[in-house]
Amino acid sequence: MFSEVLKDYDWEETTGRIMTKTPADVERALTKKNPGIEDFMALVSPAAEPYLENMAALSRHYTQERFGKTISMYIPMYITNSCANSCVYCGFNCHNKFERVILTTSQIEDECKAIRSLAPFENLLLVTGENPKAAGTSYLEKALKICRPYFNNLSMEVMPLPTEDYERLTHAGLNGVVCFQETYNRERYKVYHPAGMKSNFEWRLNGFDRMGNAGLHKIGMGVLIGLEDWRTDVTMMALHLRYLKKNYWRTRFSVNFPRLRPAAGGYQPNIVMTDRELAQLTFAFRIFDHDIDISYSTREYPEFRDNMMTLGVTSMSAGSKTDPGGYFTYPRSLEQFEVSDDRSPLQVAEAIRKAGYEPVWKDWDKIFD
Ligand code: SF4
């Protein structure tokens with residue numbers, strides 16, 4: 001289990017190692033075909049900032065070599081905002097008083113039809129809050145079965161589950177799971193997740209091993225940028241990724257780095273990551289791992305997404321609604337976060353073509369499952 005590996009990495013010491021990397025360390029990392037974790041630390045360190053253009057060129061080169069000039073398109077479908085957790089940064093946390101929604105089977109079907117009428121999406125990401133009693137594995141199984149005829153590739157971003165539940169859901173059409181560790185800082189994790197199932201750091205962390213053991217085709221990872229020092233968090237995530245790839249080599253992996261943004265009256269991030277820093281992180285991940293799918297959501301604003309689509313990003317969401325039922329059933333109920341890119345899917349596809357890339361709606365067929 002990865003929790004055993006992580007015990008050997010002290011947070012402060014790792015931060016110190018990153019912050020003392022030198023230009024020579026960065027130059028060495030840039031020449032390596034298979035950079036190691038020390039090289040990754042150099043690439044995300046402040047010492048790498050003057051090398052951003054070299055990193056961008058290398059990132060573009062590796063991305064085109066592996067993926068060609070393509071961007072895979074996906075869309076999230078929020079099916080419930082019911083949540084028993086109390087993450088301090090999230091509007092869905094159980095202390096916020098508002099009417100909770102758990103979509104019925106016919107409402108989920110309406111959402112499927114509404115999405116299909118927007119654009120030819122084949123990659124659907126089902127998203128829920130975390131409420132195993134009201135919307136547990138049986139509910140997820142039903143939802144997957146309803147969505148199955150409409151989409152070729154089904155993923156979900158839900159609470160971490162036992163291995164056997166992941167296995168069960170693959171029989172209902174589940175292809176991939178996305179889970180955010182949020183932060184790898186074990187001590188500070190408790191502050192952000194004070195109660196509920198999500199307060200169990202180990203259960204969440206080792207959920208990725210359970211996904212691997214269940215034989216999922218794809219695993220998506222991420223940390224929430226804005227909680228703790230991002231350089232240390234992404235280094236731990238890179239370490240985690242290397243561990244998972246070694247142990248579950250049949251599985252494909254993706255990474256995502258959502259940024260918490262300051263919002264009036266909302267949770268204020270501890271740190272704010274600049275666009276340059278997010279670009280540096282994206283390039284560092286591509287140089288570190290040429291095969292990884294790097295995903296940008298509609299949290300990022302249009303101009304930035306348009307710039308990054310030729311420099312390392314390989315999948316994007318578009319037209320996203322972050323409220324359950326937002327496409328058809330309850331447009332404008334409470335959103336988990338406000339999207340920054342509110343262009344329609346077809347407008348995003350047009351921007352991709354303008355950049356000389358091809359939007360790919362279908363890159364998986366259900367007969368492969
Ligand atoms: S981040 Fe997820 S688990 Fe935490 S309160 Fe929000 S919906 Fe619930």
# chains A, B, ... in the order shown; residues from 1 in each chain; ligands from 1
>>> select_by_dssp(residues="stretch 235-360 of chain A", states="helix (DSSP H, G or I)", output="PyMOL selection string")
chain A and resi 235-247+275-288+302-308+345-354
>>> residues_near_ligand(ligand="ligand 1", cutoff="7 Å", atoms="only C-alpha atoms and all ligand atoms", output="list of chain:residue names")
A:Asn81, A:Cys83, A:Ala84, A:Asn85, A:Ser86, A:Cys87, A:Cys90, A:Gly91, A:Phe92, A:Asn93, A:Cys94, A:Thr128, A:Gly129, A:Glu130, A:Lys198
>>> residues_around(residues="stretch 26-36 of chain A", least_positions_apart="5", cutoff="10 Å", atoms="only C-alpha atoms", output="PyMOL selection string")
chain A and resi 21+41-51+54-55+58+238-239+242+284+287-290
>>> residues_around(residues="stretch 200-208 of chain A", least_positions_apart="3", cutoff="8 Å", atoms="only C-alpha atoms", output="number ranges by chain")
A: 1-3, 160-162, 181, 186, 189-190, 197, 211-212, 219, 244
>>> residues_around(residues="stretch 298-309 of chain A", least_positions_apart="5", cutoff="8 Å", atoms="only C-alpha atoms", output="list in words")
Ile71, Pro258, Arg259, Asp275, Ala279, Thr314, Met316, Ser317, Ala318, Gly319, Ser320, Phe337, Glu338, Val339, Ser340, Asp341, Asp342, Arg343, Ala351, Ile352 and Ala355 of chain A
>>> write_last_selection(atoms="N, CA and C atoms", output="PDB file, in the first residue's frame")
ATOM      1  N   ILE A  71      -6.916  16.447 -28.598  1.00  0.00           N
ATOM      2  CA  ILE A  71      -7.422  16.719 -27.243  1.00  0.00           C
ATOM      3  C   ILE A  71      -8.672  15.856 -27.051  1.00  0.00           C
ATOM      4  N   PRO A 258      -6.625  21.025 -10.106  1.00  0.00           N
ATOM      5  CA  PRO A 258      -7.592  22.124  -9.948  1.00  0.00           C
ATOM      6  C   PRO A 258      -7.081  23.184  -8.969  1.00  0.00           C
ATOM      7  N   ARG A 259      -7.262  24.431  -9.363  1.00  0.00           N
ATOM      8  CA  ARG A 259      -6.831  25.542  -8.487  1.00  0.00           C
ATOM      9  C   ARG A 259      -8.025  26.109  -7.737  1.00  0.00           C
ATOM     10  N   ASP A 275      -0.647  31.569 -13.198  1.00  0.00           N
ATOM     11  CA  ASP A 275      -0.721  30.839 -14.475  1.00  0.00           C
ATOM     12  C   ASP A 275       0.654  30.289 -14.859  1.00  0.00           C
ATOM     13  N   ALA A 279       1.552  26.424 -15.560  1.00  0.00           N
ATOM     14  CA  ALA A 279       2.206  26.003 -16.807  1.00  0.00           C
ATOM     15  C   ALA A 279       3.480  25.211 -16.470  1.00  0.00           C
ATOM     16  N   THR A 314      -3.833  17.015 -22.569  1.00  0.00           N
ATOM     17  CA  THR A 314      -4.332  16.012 -23.517  1.00  0.00           C
ATOM     18  C   THR A 314      -5.825  15.730 -23.375  1.00  0.00           C
ATOM     19  N   MET A 316      -9.744  17.614 -22.025  1.00  0.00           N
ATOM     20  CA  MET A 316     -10.442  18.794 -21.509  1.00  0.00           C
ATOM     21  C   MET A 316     -11.928  18.516 -21.370  1.00  0.00           C
ATOM     22  N   SER A 317     -12.504  19.075 -20.322  1.00  0.00           N
ATOM     23  CA  SER A 317     -13.959  19.075 -20.230  1.00  0.00           C
ATOM     24  C   SER A 317     -14.468  20.330 -20.928  1.00  0.00           C
ATOM     25  N   ALA A 318     -15.737  20.315 -21.289  1.00  0.00           N
ATOM     26  CA  ALA A 318     -16.318  21.495 -21.936  1.00  0.00           C
ATOM     27  C   ALA A 318     -17.817  21.498 -21.700  1.00  0.00           C
ATOM     28  N   GLY A 319     -18.369  22.693 -21.563  1.00  0.00           N
ATOM     29  CA  GLY A 319     -19.819  22.839 -21.368  1.00  0.00           C
ATOM     30  C   GLY A 319     -20.287  22.361 -20.001  1.00  0.00           C
ATOM     31  N   SER A 320     -19.351  22.248 -19.033  1.00  0.00           N
ATOM     32  CA  SER A 320     -19.668  21.598 -17.750  1.00  0.00           C
ATOM     33  C   SER A 320     -20.682  22.353 -16.903  1.00  0.00           C
ATOM     34  N   PHE A 337     -18.653  24.479  -7.840  1.00  0.00           N
ATOM     35  CA  PHE A 337     -17.779  25.633  -8.044  1.00  0.00           C
ATOM     36  C   PHE A 337     -18.219  26.301  -9.332  1.00  0.00           C
ATOM     37  N   GLU A 338     -17.878  27.575  -9.470  1.00  0.00           N
ATOM     38  CA  GLU A 338     -18.272  28.286 -10.677  1.00  0.00           C
ATOM     39  C   GLU A 338     -17.270  28.008 -11.776  1.00  0.00           C
ATOM     40  N   VAL A 339     -17.750  27.665 -12.950  1.00  0.00           N
ATOM     41  CA  VAL A 339     -16.797  27.393 -14.023  1.00  0.00           C
ATOM     42  C   VAL A 339     -16.245  28.721 -14.552  1.00  0.00           C
ATOM     43  N   SER A 340     -14.992  28.680 -15.048  1.00  0.00           N
ATOM     44  CA  SER A 340     -14.393  29.894 -15.615  1.00  0.00           C
ATOM     45  C   SER A 340     -14.517  29.901 -17.129  1.00  0.00           C
ATOM     46  N   ASP A 341     -14.590  28.705 -17.713  1.00  0.00           N
ATOM     47  CA  ASP A 341     -14.752  28.623 -19.164  1.00  0.00           C
ATOM     48  C   ASP A 341     -16.190  28.193 -19.442  1.00  0.00           C
ATOM     49  N   ASP A 342     -17.045  29.172 -19.786  1.00  0.00           N
ATOM     50  CA  ASP A 342     -18.456  28.824 -19.998  1.00  0.00           C
ATOM     51  C   ASP A 342     -18.808  28.734 -21.482  1.00  0.00           C
ATOM     52  N   ARG A 343     -17.789  28.528 -22.324  1.00  0.00           N
ATOM     53  CA  ARG A 343     -18.071  28.326 -23.742  1.00  0.00           C
ATOM     54  C   ARG A 343     -18.798  26.986 -23.939  1.00  0.00           C
ATOM     55  N   ALA A 351     -12.143  26.086 -30.952  1.00  0.00           N
ATOM     56  CA  ALA A 351     -10.868  26.675 -30.495  1.00  0.00           C
ATOM     57  C   ALA A 351      -9.727  25.656 -30.635  1.00  0.00           C
ATOM     58  N   ILE A 352     -10.037  24.390 -30.379  1.00  0.00           N
ATOM     59  CA  ILE A 352      -9.013  23.337 -30.515  1.00  0.00           C
ATOM     60  C   ILE A 352      -8.596  23.213 -31.982  1.00  0.00           C
ATOM     61  N   ALA A 355      -6.352  25.910 -33.176  1.00  0.00           N
ATOM     62  CA  ALA A 355      -4.964  25.762 -32.727  1.00  0.00           C
ATOM     63  C   ALA A 355      -4.233  24.669 -33.510  1.00  0.00           C
TER      64      ALA A 355
END
>>> atom_distance(atom1="atom CA of A:Phe253", atom2="atom CA of A:Lys218")
5.5 Å
